[in-house]
Structure formats: C-alpha cells, structure tokens
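One file, coords.csv, carrying CSV, N, CA and C atoms:
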```csv
chain,number,residue,atom,x,y,z
D,1,MET,N,-27.3,33.2,-29.6
D,1,MET,CA,-26.0,33.0,-30.3
D,1,MET,C,-26.1,33.4,-31.8
D,2,ASN,N,-25.2,34.1,-32.3
D,2,ASN,CA,-25.2,34.4,-33.7
D,2,ASN,C,-24.2,33.4,-34.4
D,3,LEU,N,-24.2,33.5,-35.7
D,3,LEU,CA,-23.4,32.6,-36.5
D,3,LEU,C,-21.9,32.8,-36.3
D,4,LYS,N,-21.4,34.0,-36.0
D,4,LYS,CA,-20.0,34.2,-35.7
D,4,LYS,C,-19.6,33.5,-34.5
D,5,GLN,N,-20.4,33.5,-33.4
D,5,GLN,CA,-20.1,32.8,-32.1
D,5,GLN,C,-20.1,31.3,-32.3
D,6,ILE,N,-21.1,30.8,-33.1
D,6,ILE,CA,-21.2,29.4,-33.4
D,6,ILE,C,-19.9,28.9,-34.1
D,7,ASN,N,-19.5,29.7,-35.1
D,7,ASN,CA,-18.3,29.3,-35.9
D,7,ASN,C,-17.0,29.3,-34.9
D,8,ARG,N,-16.9,30.3,-34.1
D,8,ARG,CA,-15.8,30.3,-33.1
D,8,ARG,C,-15.8,29.1,-32.2
D,9,LEU,N,-17.0,28.7,-31.7
D,9,LEU,CA,-17.2,27.6,-30.9
D,9,LEU,C,-16.8,26.3,-31.6
D,10,GLU,N,-17.2,26.2,-32.9
D,10,GLU,CA,-16.9,25.0,-33.7
D,10,GLU,C,-15.3,24.9,-33.8
D,11,GLU,N,-14.7,26.0,-34.1
D,11,GLU,CA,-13.2,26.0,-34.2
D,11,GLU,C,-12.5,25.6,-32.9
D,12,THR,N,-13.0,26.1,-31.8
D,12,THR,CA,-12.5,25.7,-30.5
D,12,THR,C,-12.6,24.2,-30.2
D,13,LEU,N,-13.8,23.7,-30.5
D,13,LEU,CA,-14.0,22.2,-30.3
D,13,LEU,C,-13.2,21.4,-31.2
D,14,LYS,N,-13.0,21.8,-32.5
D,14,LYS,CA,-12.1,21.1,-33.4
D,14,LYS,C,-10.7,21.1,-32.9
D,15,ALA,N,-10.2,22.2,-32.3
D,15,ALA,CA,-8.8,22.3,-31.8
D,15,ALA,C,-8.7,21.3,-30.6
D,16,GLU,N,-9.7,21.3,-29.7
D,16,GLU,CA,-9.6,20.4,-28.5
D,16,GLU,C,-9.6,19.0,-29.0
D,17,LEU,N,-10.5,18.7,-30.0
D,17,LEU,CA,-10.6,17.3,-30.4
D,17,LEU,C,-9.2,16.9,-31.1
D,18,ASP,N,-8.6,17.7,-31.8
D,18,ASP,CA,-7.3,17.4,-32.4
D,18,ASP,C,-6.3,17.2,-31.4
D,19,SER,N,-6.2,18.0,-30.3
D,19,SER,CA,-5.2,17.8,-29.3
D,19,SER,C,-5.5,16.5,-28.5
D,20,ASP,N,-6.7,16.1,-28.3
D,20,ASP,CA,-7.1,14.9,-27.6
D,20,ASP,C,-6.6,13.7,-28.5
D,21,LEU,N,-6.9,13.8,-29.8
D,21,LEU,CA,-6.5,12.7,-30.7
D,21,LEU,C,-5.0,12.6,-30.8
D,22,GLU,N,-4.3,13.7,-30.8
D,22,GLU,CA,-2.8,13.6,-30.8
D,22,GLU,C,-2.3,13.0,-29.5
D,23,ALA,N,-2.9,13.2,-28.4
D,23,ALA,CA,-2.5,12.6,-27.1
D,23,ALA,C,-2.7,11.1,-27.1
D,24,ILE,N,-3.8,10.7,-27.7
D,24,ILE,CA,-4.1,9.3,-27.8
D,24,ILE,C,-3.1,8.6,-28.7
D,25,ARG,N,-2.8,9.2,-29.8
D,25,ARG,CA,-1.8,8.7,-30.7
D,25,ARG,C,-0.4,8.5,-30.0
D,26,ARG,N,0.0,9.5,-29.2
D,26,ARG,CA,1.3,9.4,-28.5
D,26,ARG,C,1.3,8.3,-27.5
D,27,VAL,N,0.1,8.1,-26.8
D,27,VAL,CA,0.0,7.0,-25.9
D,27,VAL,C,0.1,5.6,-26.6
D,28,LYS,N,-0.6,5.5,-27.7
D,28,LYS,CA,-0.5,4.3,-28.5
D,28,LYS,C,0.9,4.0,-28.9
D,29,LYS,N,1.6,5.0,-29.4
D,29,LYS,CA,3.0,4.9,-29.8
D,29,LYS,C,3.9,4.4,-28.7
D,30,LEU,N,3.7,5.0,-27.5
D,30,LEU,CA,4.5,4.6,-26.4
D,30,LEU,C,4.3,3.2,-26.0
D,31,LEU,N,3.0,2.7,-26.0
D,31,LEU,CA,2.6,1.4,-25.7
D,31,LEU,C,3.3,0.4,-26.7
D,32,LYS,N,3.3,0.7,-28.0
D,32,LYS,CA,3.9,-0.1,-29.0
D,32,LYS,C,5.4,-0.3,-28.7
D,33,GLU,N,6.0,0.9,-28.4
D,33,GLU,CA,7.5,0.8,-28.1
D,33,GLU,C,7.8,0.0,-26.9
D,34,ARG,N,6.9,0.0,-25.9
D,34,ARG,CA,7.1,-0.7,-24.6
D,34,ARG,C,6.9,-2.2,-24.8
D,35,GLU,N,6.3,-2.7,-25.8
D,35,GLU,CA,6.0,-4.1,-26.0
D,35,GLU,C,7.3,-4.9,-26.1
D,36,GLY,N,7.4,-6.0,-25.3
D,36,GLY,CA,8.6,-6.8,-25.4
D,36,GLY,C,9.7,-6.4,-24.4
D,37,LYS,N,9.5,-5.3,-23.7
D,37,LYS,CA,10.4,-4.9,-22.6
D,37,LYS,C,10.0,-5.4,-21.3
D,38,LEU,N,10.8,-5.2,-20.3
D,38,LEU,CA,10.6,-5.7,-19.0
D,38,LEU,C,9.2,-5.3,-18.5
D,39,PRO,N,8.5,-6.1,-17.8
D,39,PRO,CA,7.1,-5.7,-17.3
D,39,PRO,C,7.3,-4.7,-16.1
D,40,ILE,N,6.3,-4.0,-15.9
D,40,ILE,CA,6.3,-3.1,-14.7
D,40,ILE,C,6.2,-3.9,-13.4
D,41,THR,N,7.1,-3.6,-12.5
D,41,THR,CA,7.1,-4.3,-11.2
D,41,THR,C,6.1,-3.7,-10.3
D,42,ARG,N,5.4,-4.5,-9.6
D,42,ARG,CA,4.4,-4.1,-8.6
D,42,ARG,C,5.0,-4.4,-7.2
D,43,TYR,N,4.9,-3.4,-6.3
D,43,TYR,CA,5.4,-3.5,-5.0
D,43,TYR,C,4.5,-4.3,-4.1
D,44,LYS,N,5.0,-5.2,-3.3
D,44,LYS,CA,4.2,-5.9,-2.3
D,44,LYS,C,4.2,-5.1,-1.0
D,45,ARG,N,3.1,-5.1,-0.3
D,45,ARG,CA,3.0,-4.4,0.9
D,45,ARG,C,3.6,-5.2,2.0
D,46,VAL,N,4.5,-4.7,2.8
D,46,VAL,CA,5.3,-5.4,3.8
D,46,VAL,C,4.8,-4.9,5.1
D,47,GLU,N,4.3,-5.8,6.0
D,47,GLU,CA,3.9,-5.4,7.3
D,47,GLU,C,4.7,-6.0,8.4
D,48,CYS,N,5.0,-5.3,9.4
D,48,CYS,CA,5.8,-5.7,10.5
D,48,CYS,C,5.3,-5.1,11.8
D,49,ALA,N,5.2,-5.9,12.8
D,49,ALA,CA,4.7,-5.4,14.1
D,49,ALA,C,5.6,-4.3,14.7
D,50,SER,N,6.9,-4.4,14.5
D,50,SER,CA,7.8,-3.5,15.1
D,50,SER,C,7.8,-2.2,14.4
D,51,VAL,N,7.4,-2.2,13.1
D,51,VAL,CA,7.5,-1.0,12.3
D,51,VAL,C,6.1,-0.4,12.1
D,52,LYS,N,5.9,0.9,12.4
D,52,LYS,CA,4.5,1.4,12.3
D,52,LYS,C,4.2,2.0,11.0
D,53,GLN,N,5.0,1.9,10.0
D,53,GLN,CA,4.8,2.4,8.7
D,53,GLN,C,5.0,1.4,7.6
D,54,SER,N,4.2,1.6,6.5
D,54,SER,CA,4.3,0.7,5.3
D,54,SER,C,5.7,1.0,4.6
D,55,VAL,N,6.4,0.0,4.2
D,55,VAL,CA,7.6,0.3,3.5
D,55,VAL,C,7.4,0.9,2.2
D,56,THR,N,6.4,0.6,1.5
D,56,THR,CA,6.2,1.1,0.1
D,56,THR,C,5.6,2.5,0.2
D,57,THR,N,4.6,2.8,1.1
D,57,THR,CA,3.9,4.1,1.0
D,57,THR,C,4.4,5.0,2.1
D,58,GLY,N,5.0,4.5,3.2
D,58,GLY,CA,5.4,5.4,4.3
D,58,GLY,C,4.3,5.9,5.2
D,59,LYS,N,3.1,5.4,4.9
D,59,LYS,CA,1.9,5.8,5.7
D,59,LYS,C,1.7,4.8,6.8
D,60,PRO,N,1.1,5.2,7.9
D,60,PRO,CA,0.9,4.3,9.0
D,60,PRO,C,0.0,3.1,8.6
D,61,LEU,N,0.4,1.9,9.2
D,61,LEU,CA,-0.3,0.7,9.0
D,61,LEU,C,-1.5,0.7,9.9
D,62,ASN,N,-2.7,0.4,9.4
D,62,ASN,CA,-3.9,0.4,10.2
D,62,ASN,C,-4.3,-1.1,10.4
D,63,TYR,N,-3.5,-2.0,10.0
D,63,TYR,CA,-3.9,-3.4,10.1
D,63,TYR,C,-2.6,-4.2,10.6
D,64,ASN,N,-2.8,-5.0,11.6
D,64,ASN,CA,-1.6,-5.8,12.0
D,64,ASN,C,-1.9,-7.3,12.0
D,65,GLY,N,-3.0,-7.7,11.3
D,65,GLY,CA,-3.3,-9.1,11.2
D,65,GLY,C,-4.3,-9.6,12.2
D,66,ASN,N,-4.7,-8.8,13.1
D,66,ASN,CA,-5.7,-9.2,14.2
D,66,ASN,C,-7.1,-8.7,13.9
D,67,GLY,N,-7.4,-8.4,12.7
D,67,GLY,CA,-8.8,-7.9,12.4
D,67,GLY,C,-8.7,-6.5,11.7
D,68,THR,N,-9.9,-6.1,11.3
D,68,THR,CA,-10.0,-4.8,10.6
D,68,THR,C,-9.9,-3.7,11.6
D,69,VAL,N,-9.6,-2.5,11.1
D,69,VAL,CA,-9.6,-1.3,12.0
D,69,VAL,C,-11.0,-1.1,12.6
D,70,GLU,N,-12.0,-1.2,11.8
D,70,GLU,CA,-13.3,-1.0,12.3
D,70,GLU,C,-13.7,-2.0,13.5
D,71,SER,N,-13.3,-3.2,13.3
D,71,SER,CA,-13.6,-4.2,14.4
D,71,SER,C,-12.8,-3.8,15.7
D,72,LYS,N,-11.6,-3.3,15.5
D,72,LYS,CA,-10.8,-2.9,16.7
D,72,LYS,C,-11.4,-1.7,17.3
D,73,VAL,N,-11.9,-0.7,16.5
D,73,VAL,CA,-12.6,0.5,17.1
D,73,VAL,C,-13.8,0.1,17.9
D,74,LEU,N,-14.6,-0.8,17.3
D,74,LEU,CA,-15.8,-1.2,17.9
D,74,LEU,C,-15.6,-2.0,19.2
D,75,SER,N,-14.5,-2.8,19.2
D,75,SER,CA,-14.1,-3.5,20.4
D,75,SER,C,-13.7,-2.5,21.5
D,76,ALA,N,-12.9,-1.5,21.1
D,76,ALA,CA,-12.5,-0.5,22.1
D,76,ALA,C,-13.7,0.3,22.6
D,77,ILE,N,-14.7,0.5,21.8
D,77,ILE,CA,-15.9,1.2,22.3
D,77,ILE,C,-16.6,0.4,23.3
D,78,SER,N,-16.7,-0.9,23.0
D,78,SER,CA,-17.4,-1.8,23.9
D,78,SER,C,-16.7,-1.9,25.3
D,79,LYS,N,-15.4,-1.6,25.3
D,79,LYS,CA,-14.6,-1.7,26.6
D,79,LYS,C,-14.5,-0.3,27.3
D,80,THR,N,-15.2,0.7,26.8
D,80,THR,CA,-15.2,2.0,27.4
D,80,THR,C,-16.3,2.1,28.4
D,81,ASP,N,-16.1,2.9,29.4
D,81,ASP,CA,-17.2,3.1,30.4
D,81,ASP,C,-17.7,4.5,30.3
D,82,GLY,N,-19.0,4.7,30.3
D,82,GLY,CA,-19.6,6.0,30.4
D,82,GLY,C,-19.4,6.7,29.0
D,83,LYS,N,-19.3,8.1,29.1
D,83,LYS,CA,-19.2,8.9,28.0
D,83,LYS,C,-17.8,8.9,27.5
D,84,PHE,N,-17.6,9.2,26.2
D,84,PHE,CA,-16.3,9.2,25.6
D,84,PHE,C,-16.3,10.1,24.3
D,85,GLY,N,-15.2,10.6,24.0
D,85,GLY,CA,-15.0,11.4,22.8
D,85,GLY,C,-14.0,10.7,21.9
D,86,LEU,N,-13.7,11.4,20.7
D,86,LEU,CA,-12.8,10.8,19.8
D,86,LEU,C,-11.4,10.7,20.4
D,87,GLY,N,-11.0,11.7,21.2
D,87,GLY,CA,-9.7,11.6,21.8
D,87,GLY,C,-9.6,10.5,22.8
D,88,ASP,N,-10.6,10.3,23.6
D,88,ASP,CA,-10.7,9.2,24.5
D,88,ASP,C,-10.6,7.8,23.8
D,89,LEU,N,-11.3,7.8,22.7
D,89,LEU,CA,-11.3,6.5,21.9
D,89,LEU,C,-9.9,6.2,21.3
D,90,LYS,N,-9.2,7.3,20.9
D,90,LYS,CA,-7.8,7.1,20.4
D,90,LYS,C,-6.9,6.6,21.5
D,91,LYS,N,-7.0,7.2,22.7
D,91,LYS,CA,-6.2,6.7,23.8
D,91,LYS,C,-6.5,5.3,24.2
D,92,LYS,N,-7.7,4.9,24.2
D,92,LYS,CA,-8.1,3.5,24.5
D,92,LYS,C,-7.5,2.6,23.4
D,93,LEU,N,-7.6,3.0,22.2
D,93,LEU,CA,-7.0,2.1,21.1
D,93,LEU,C,-5.5,2.0,21.2
D,94,SER,N,-4.8,3.1,21.6
D,94,SER,CA,-3.4,3.0,21.8
D,94,SER,C,-3.0,2.1,23.0
D,95,GLU,N,-3.9,2.0,24.0
D,95,GLU,CA,-3.6,1.1,25.1
D,95,GLU,C,-3.8,-0.3,24.7
D,96,LEU,N,-4.9,-0.6,23.9
D,96,LEU,CA,-5.2,-2.0,23.5
D,96,LEU,C,-4.3,-2.5,22.4
D,97,TYR,N,-3.9,-1.6,21.5
D,97,TYR,CA,-3.1,-2.0,20.3
D,97,TYR,C,-1.9,-1.0,20.3
D,98,PRO,N,-0.9,-1.3,21.1
D,98,PRO,CA,0.3,-0.3,21.1
D,98,PRO,C,1.1,-0.3,19.8
D,99,ASN,N,1.1,-1.4,19.0
D,99,ASN,CA,1.9,-1.4,17.8
D,99,ASN,C,1.2,-0.9,16.6
D,100,VAL,N,0.0,-0.4,16.7
D,100,VAL,CA,-0.8,0.1,15.6
D,100,VAL,C,-1.0,1.6,15.8
D,101,GLU,N,-0.8,2.3,14.8
D,101,GLU,CA,-1.1,3.8,14.8
D,101,GLU,C,-2.4,4.0,14.1
D,102,PHE,N,-3.3,4.6,14.8
D,102,PHE,CA,-4.6,4.9,14.2
D,102,PHE,C,-4.7,6.3,13.7
D,103,ASN,N,-5.2,6.5,12.5
D,103,ASN,CA,-5.4,7.8,11.9
D,103,ASN,C,-6.7,8.4,12.5
D,104,ARG,N,-6.7,9.7,12.9
D,104,ARG,CA,-7.8,10.3,13.5
D,104,ARG,C,-9.0,10.4,12.5
D,105,ASN,N,-8.7,10.7,11.2
D,105,ASN,CA,-9.7,10.8,10.2
D,105,ASN,C,-10.4,9.4,10.0
D,106,THR,N,-9.6,8.4,10.0
D,106,THR,CA,-10.2,7.0,9.9
D,106,THR,C,-11.1,6.7,11.1
D,107,LEU,N,-10.7,7.1,12.3
D,107,LEU,CA,-11.5,6.9,13.4
D,107,LEU,C,-12.8,7.7,13.3
D,108,SER,N,-12.7,8.9,12.8
D,108,SER,CA,-13.9,9.7,12.7
D,108,SER,C,-14.9,9.1,11.7
D,109,GLY,N,-14.4,8.6,10.6
D,109,GLY,CA,-15.3,7.9,9.6
D,109,GLY,C,-15.9,6.7,10.2
D,110,ILE,N,-15.2,5.9,10.9
D,110,ILE,CA,-15.8,4.7,11.6
D,110,ILE,C,-16.9,5.1,12.6
D,111,VAL,N,-16.6,6.1,13.4
D,111,VAL,CA,-17.6,6.6,14.4
D,111,VAL,C,-18.8,7.1,13.6
D,112,PHE,N,-18.6,7.8,12.6
D,112,PHE,CA,-19.8,8.3,11.8
D,112,PHE,C,-20.6,7.2,11.2
D,113,ARG,N,-20.0,6.1,10.7
D,113,ARG,CA,-20.8,5.0,10.1
D,113,ARG,C,-21.5,4.2,11.2
D,114,ASN,N,-21.0,4.2,12.4
D,114,ASN,CA,-21.6,3.3,13.4
D,114,ASN,C,-22.4,4.1,14.5
D,115,LYS,N,-22.7,5.4,14.2
D,115,LYS,CA,-23.6,6.1,15.1
D,115,LYS,C,-24.9,5.4,15.2
D,116,ASN,N,-25.5,5.4,16.4
D,116,ASN,CA,-26.8,4.8,16.7
D,116,ASN,C,-26.8,3.3,16.5
D,117,LYS,N,-25.7,2.7,16.4
D,117,LYS,CA,-25.7,1.2,16.3
D,117,LYS,C,-25.0,0.7,17.6
D,118,ALA,N,-23.8,1.0,17.8
D,118,ALA,CA,-23.1,0.6,19.0
D,118,ALA,C,-23.1,1.6,20.1
D,119,PHE,N,-23.3,2.8,19.8
D,119,PHE,CA,-23.3,4.0,20.7
D,119,PHE,C,-24.2,5.1,20.2
D,120,ARG,N,-24.5,6.0,21.1
D,120,ARG,CA,-25.4,7.1,20.7
D,120,ARG,C,-24.6,8.4,20.9
D,121,VAL,N,-25.1,9.5,20.2
D,121,VAL,CA,-24.5,10.8,20.3
D,121,VAL,C,-25.2,11.5,21.5
D,122,ILE,N,-24.4,12.0,22.4
D,122,ILE,CA,-24.9,12.8,23.5
D,122,ILE,C,-24.9,14.3,23.1
D,123,THR,N,-23.8,14.7,22.6
D,123,THR,CA,-23.6,16.1,22.2
D,123,THR,C,-22.9,16.1,20.9
D,124,GLU,N,-23.5,16.8,19.9
D,124,GLU,CA,-22.9,16.9,18.6
D,124,GLU,C,-21.7,17.8,18.6
D,125,GLY,N,-20.7,17.5,17.9
D,125,GLY,CA,-19.5,18.3,17.9
D,125,GLY,C,-19.7,19.5,16.9
D,126,GLN,N,-19.1,20.6,17.1
D,126,GLN,CA,-19.2,21.7,16.2
D,126,GLN,C,-17.9,22.5,16.3
D,127,GLY,N,-17.2,22.7,15.2
D,127,GLY,CA,-16.0,23.5,15.2
D,127,GLY,C,-14.9,22.8,16.1
D,128,ARG,N,-14.5,23.6,17.1
D,128,ARG,CA,-13.5,23.0,18.0
D,128,ARG,C,-14.1,22.2,19.2
D,129,ARG,N,-15.4,22.2,19.3
D,129,ARG,CA,-16.0,21.5,20.4
D,129,ARG,C,-16.2,20.0,19.9
D,130,ASN,N,-15.7,19.1,20.7
D,130,ASN,CA,-15.7,17.7,20.3
D,130,ASN,C,-17.1,17.1,20.6
D,131,ALA,N,-17.5,16.1,19.8
D,131,ALA,CA,-18.7,15.4,20.1
D,131,ALA,C,-18.5,14.4,21.3
D,132,VAL,N,-19.6,14.2,22.0
D,132,VAL,CA,-19.6,13.3,23.1
D,132,VAL,C,-20.5,12.1,22.8
D,133,TYR,N,-20.0,10.9,23.0
D,133,TYR,CA,-20.8,9.7,22.7
D,133,TYR,C,-21.0,8.9,24.0
D,134,GLU,N,-22.0,8.0,23.9
D,134,GLU,CA,-22.2,7.1,25.1
D,134,GLU,C,-22.5,5.7,24.5
D,135,LYS,N,-22.0,4.7,25.1
D,135,LYS,CA,-22.2,3.3,24.7
D,135,LYS,C,-23.7,3.0,25.0
D,136,MET,N,-24.3,2.2,24.0
D,136,MET,CA,-25.7,1.8,24.2
D,136,MET,C,-25.8,0.6,25.0
```
Any chance you could put this one into structure tokens?
Amino acid sequence: MNLKQINRLEETLKAELDSDLEAIRRVKKLLKEREGKLPITRYKRVECASVKQSVTTGKPLNYNGNGTVESKVLSAISKTDGKFGLGDLKKKLSELYPNVEFNRNTLSGIVFRNKNKAFRVITEGQGRRNAVYEKM
C-alpha cells in the first residue's frame, strides 16, 4: 500500500465512524423522547387445543401442554414397529397427537440429535431419497 491508498482508507473509515456515531445519537434522542410515554406492550402466547396456530405469530403450535415436541417424537418412535422414515414418523405423530401440527424441519432436527440413541440409521438419505431408521 502506498500513502495515497492509506489516506483514502483513513477517509473512508472516518466517514463510516461518523455515520455510526450519528445513528447512535439518533437512537439516544428517540429513547429520551420516549421516556414517560406508555410502555411497549408484550403479547402473551395463547394456546388452544382446537386451534392449530399461535394467535400472535400465526405459526403452528408444537406444544399442547402434554410434554415437549422431542418427548412426543421419541414416544412415537418407541411405538413404531420395524423400519421407519421421516414420513412414517410424521403419520404416527398425527395419529397419536391429532390436535398438534408437527413441522417436518423440527422432526428432522430431533431425529438428527437422537441418532444412535433411541434408533439407528439403516440407510442414509441423500437428495430425494429418504433415510431409513430402525428402533434399537
């Protein structure tokens, strides 16, 4: 680097620093203006067995008061016979817990965490080919 490049770099960094400091000043000003006004309301999560979605987020509820999602998945695995895949596991869960909607990505994460603990992998999945598991 030559002196000209270093000077240009210094000017760029000063400009970035100035813009960051200006943003901080604006936030501080807004916070001072907000003092004494109504507090920010926090929404409570509402759960209902007949409704499959959270009122505040609109996302499926994975909990209905009878345990964690992971415990439900592990109990469903213990009730399966022979080999199973992720689709079979989702069907079994919908039979056991009809009021709860299970997200496939959540199931995949739980299965990944519990490999070789409650079940073993028979065939690894790859692309469109699903993995096959067997209860230990």
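Closest approach to Ile77 in chain D among D:Lys92, D:Arg113, D:Arg104, D:Lys14: D:Lys92, based on all atoms listed in the file.
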Note to self: To one decimal place in Å, what is the distance between atom N of Val69 in chain D and CA of Ser108 in chain D?
What the structure shows: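 Atom-to-atom, atom N of Val69 in chain D and CA of Ser108 in chain D are spaced 13.0 Å apart.
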Next item on the list: Measure the distance from atom N of Leu74 in chain D to atom C of Asn130 in chain D in Å and round it to one decimal.
Entry: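 Between these atoms lies a distance of 18.4 Å.
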Margin query: As an exercise, work out the distance from CA of Glu134 in chain D to CA of Glu101 in chain D in Å and give it to one decimal place.
Written below: 23.7 Å
Would you list the contacts of Phe119 in chain D as a PDB file with N, CA and C atoms, in the coordinates of the input, taking every protein, DNA or RNA residue within 12 Å and counting only C-alpha atoms, but skipping same-chain residues closer than 2 positions in sequence?
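Listed below is the output, part_24.pdb:
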```
ATOM      1  N   VAL D  73     -11.900  -0.700  16.500  1.00  0.00           N
ATOM      2  CA  VAL D  73     -12.600   0.500  17.100  1.00  0.00           C
ATOM      3  C   VAL D  73     -13.800   0.100  17.900  1.00  0.00           C
ATOM      4  N   LEU D  74     -14.600  -0.800  17.300  1.00  0.00           N
ATOM      5  CA  LEU D  74     -15.800  -1.200  17.900  1.00  0.00           C
ATOM      6  C   LEU D  74     -15.600  -2.000  19.200  1.00  0.00           C
ATOM      7  N   SER D  75     -14.500  -2.800  19.200  1.00  0.00           N
ATOM      8  CA  SER D  75     -14.100  -3.500  20.400  1.00  0.00           C
ATOM      9  C   SER D  75     -13.700  -2.500  21.500  1.00  0.00           C
ATOM     10  N   ALA D  76     -12.900  -1.500  21.100  1.00  0.00           N
ATOM     11  CA  ALA D  76     -12.500  -0.500  22.100  1.00  0.00           C
ATOM     12  C   ALA D  76     -13.700   0.300  22.600  1.00  0.00           C
ATOM     13  N   ILE D  77     -14.700   0.500  21.800  1.00  0.00           N
ATOM     14  CA  ILE D  77     -15.900   1.200  22.300  1.00  0.00           C
ATOM     15  C   ILE D  77     -16.600   0.400  23.300  1.00  0.00           C
ATOM     16  N   SER D  78     -16.700  -0.900  23.000  1.00  0.00           N
ATOM     17  CA  SER D  78     -17.400  -1.800  23.900  1.00  0.00           C
ATOM     18  C   SER D  78     -16.700  -1.900  25.300  1.00  0.00           C
ATOM     19  N   LYS D  79     -15.400  -1.600  25.300  1.00  0.00           N
ATOM     20  CA  LYS D  79     -14.600  -1.700  26.600  1.00  0.00           C
ATOM     21  C   LYS D  79     -14.500  -0.300  27.300  1.00  0.00           C
ATOM     22  N   THR D  80     -15.200   0.700  26.800  1.00  0.00           N
ATOM     23  CA  THR D  80     -15.200   2.000  27.400  1.00  0.00           C
ATOM     24  C   THR D  80     -16.300   2.100  28.400  1.00  0.00           C
ATOM     25  N   ASP D  81     -16.100   2.900  29.400  1.00  0.00           N
ATOM     26  CA  ASP D  81     -17.200   3.100  30.400  1.00  0.00           C
ATOM     27  C   ASP D  81     -17.700   4.500  30.300  1.00  0.00           C
ATOM     28  N   GLY D  82     -19.000   4.700  30.300  1.00  0.00           N
ATOM     29  CA  GLY D  82     -19.600   6.000  30.400  1.00  0.00           C
ATOM     30  C   GLY D  82     -19.400   6.700  29.000  1.00  0.00           C
ATOM     31  N   LYS D  83     -19.300   8.100  29.100  1.00  0.00           N
ATOM     32  CA  LYS D  83     -19.200   8.900  28.000  1.00  0.00           C
ATOM     33  C   LYS D  83     -17.800   8.900  27.500  1.00  0.00           C
ATOM     34  N   PHE D  84     -17.600   9.200  26.200  1.00  0.00           N
ATOM     35  CA  PHE D  84     -16.300   9.200  25.600  1.00  0.00           C
ATOM     36  C   PHE D  84     -16.300  10.100  24.300  1.00  0.00           C
ATOM     37  N   GLY D  85     -15.200  10.600  24.000  1.00  0.00           N
ATOM     38  CA  GLY D  85     -15.000  11.400  22.800  1.00  0.00           C
ATOM     39  C   GLY D  85     -14.000  10.700  21.900  1.00  0.00           C
ATOM     40  N   ILE D 110     -15.200   5.900  10.900  1.00  0.00           N
ATOM     41  CA  ILE D 110     -15.800   4.700  11.600  1.00  0.00           C
ATOM     42  C   ILE D 110     -16.900   5.100  12.600  1.00  0.00           C
ATOM     43  N   VAL D 111     -16.600   6.100  13.400  1.00  0.00           N
ATOM     44  CA  VAL D 111     -17.600   6.600  14.400  1.00  0.00           C
ATOM     45  C   VAL D 111     -18.800   7.100  13.600  1.00  0.00           C
ATOM     46  N   PHE D 112     -18.600   7.800  12.600  1.00  0.00           N
ATOM     47  CA  PHE D 112     -19.800   8.300  11.800  1.00  0.00           C
ATOM     48  C   PHE D 112     -20.600   7.200  11.200  1.00  0.00           C
ATOM     49  N   ARG D 113     -20.000   6.100  10.700  1.00  0.00           N
ATOM     50  CA  ARG D 113     -20.800   5.000  10.100  1.00  0.00           C
ATOM     51  C   ARG D 113     -21.500   4.200  11.200  1.00  0.00           C
ATOM     52  N   ASN D 114     -21.000   4.200  12.400  1.00  0.00           N
ATOM     53  CA  ASN D 114     -21.600   3.300  13.400  1.00  0.00           C
ATOM     54  C   ASN D 114     -22.400   4.100  14.500  1.00  0.00           C
ATOM     55  N   LYS D 115     -22.700   5.400  14.200  1.00  0.00           N
ATOM     56  CA  LYS D 115     -23.600   6.100  15.100  1.00  0.00           C
ATOM     57  C   LYS D 115     -24.900   5.400  15.200  1.00  0.00           C
ATOM     58  N   ASN D 116     -25.500   5.400  16.400  1.00  0.00           N
ATOM     59  CA  ASN D 116     -26.800   4.800  16.700  1.00  0.00           C
ATOM     60  C   ASN D 116     -26.800   3.300  16.500  1.00  0.00           C
ATOM     61  N   LYS D 117     -25.700   2.700  16.400  1.00  0.00           N
ATOM     62  CA  LYS D 117     -25.700   1.200  16.300  1.00  0.00           C
ATOM     63  C   LYS D 117     -25.000   0.700  17.600  1.00  0.00           C
ATOM     64  N   VAL D 121     -25.100   9.500  20.200  1.00  0.00           N
ATOM     65  CA  VAL D 121     -24.500  10.800  20.300  1.00  0.00           C
ATOM     66  C   VAL D 121     -25.200  11.500  21.500  1.00  0.00           C
ATOM     67  N   ILE D 122     -24.400  12.000  22.400  1.00  0.00           N
ATOM     68  CA  ILE D 122     -24.900  12.800  23.500  1.00  0.00           C
ATOM     69  C   ILE D 122     -24.900  14.300  23.100  1.00  0.00           C
ATOM     70  N   VAL D 132     -19.600  14.200  22.000  1.00  0.00           N
ATOM     71  CA  VAL D 132     -19.600  13.300  23.100  1.00  0.00           C
ATOM     72  C   VAL D 132     -20.500  12.100  22.800  1.00  0.00           C
ATOM     73  N   TYR D 133     -20.000  10.900  23.000  1.00  0.00           N
ATOM     74  CA  TYR D 133     -20.800   9.700  22.700  1.00  0.00           C
ATOM     75  C   TYR D 133     -21.000   8.900  24.000  1.00  0.00           C
ATOM     76  N   GLU D 134     -22.000   8.000  23.900  1.00  0.00           N
ATOM     77  CA  GLU D 134     -22.200   7.100  25.100  1.00  0.00           C
ATOM     78  C   GLU D 134     -22.500   5.700  24.500  1.00  0.00           C
ATOM     79  N   LYS D 135     -22.000   4.700  25.100  1.00  0.00           N
ATOM     80  CA  LYS D 135     -22.200   3.300  24.700  1.00  0.00           C
ATOM     81  C   LYS D 135     -23.700   3.000  25.000  1.00  0.00           C
ATOM     82  N   MET D 136     -24.300   2.200  24.000  1.00  0.00           N
ATOM     83  CA  MET D 136     -25.700   1.800  24.200  1.00  0.00           C
ATOM     84  C   MET D 136     -25.800   0.600  25.000  1.00  0.00           C
TER      85      MET D 136
END
```
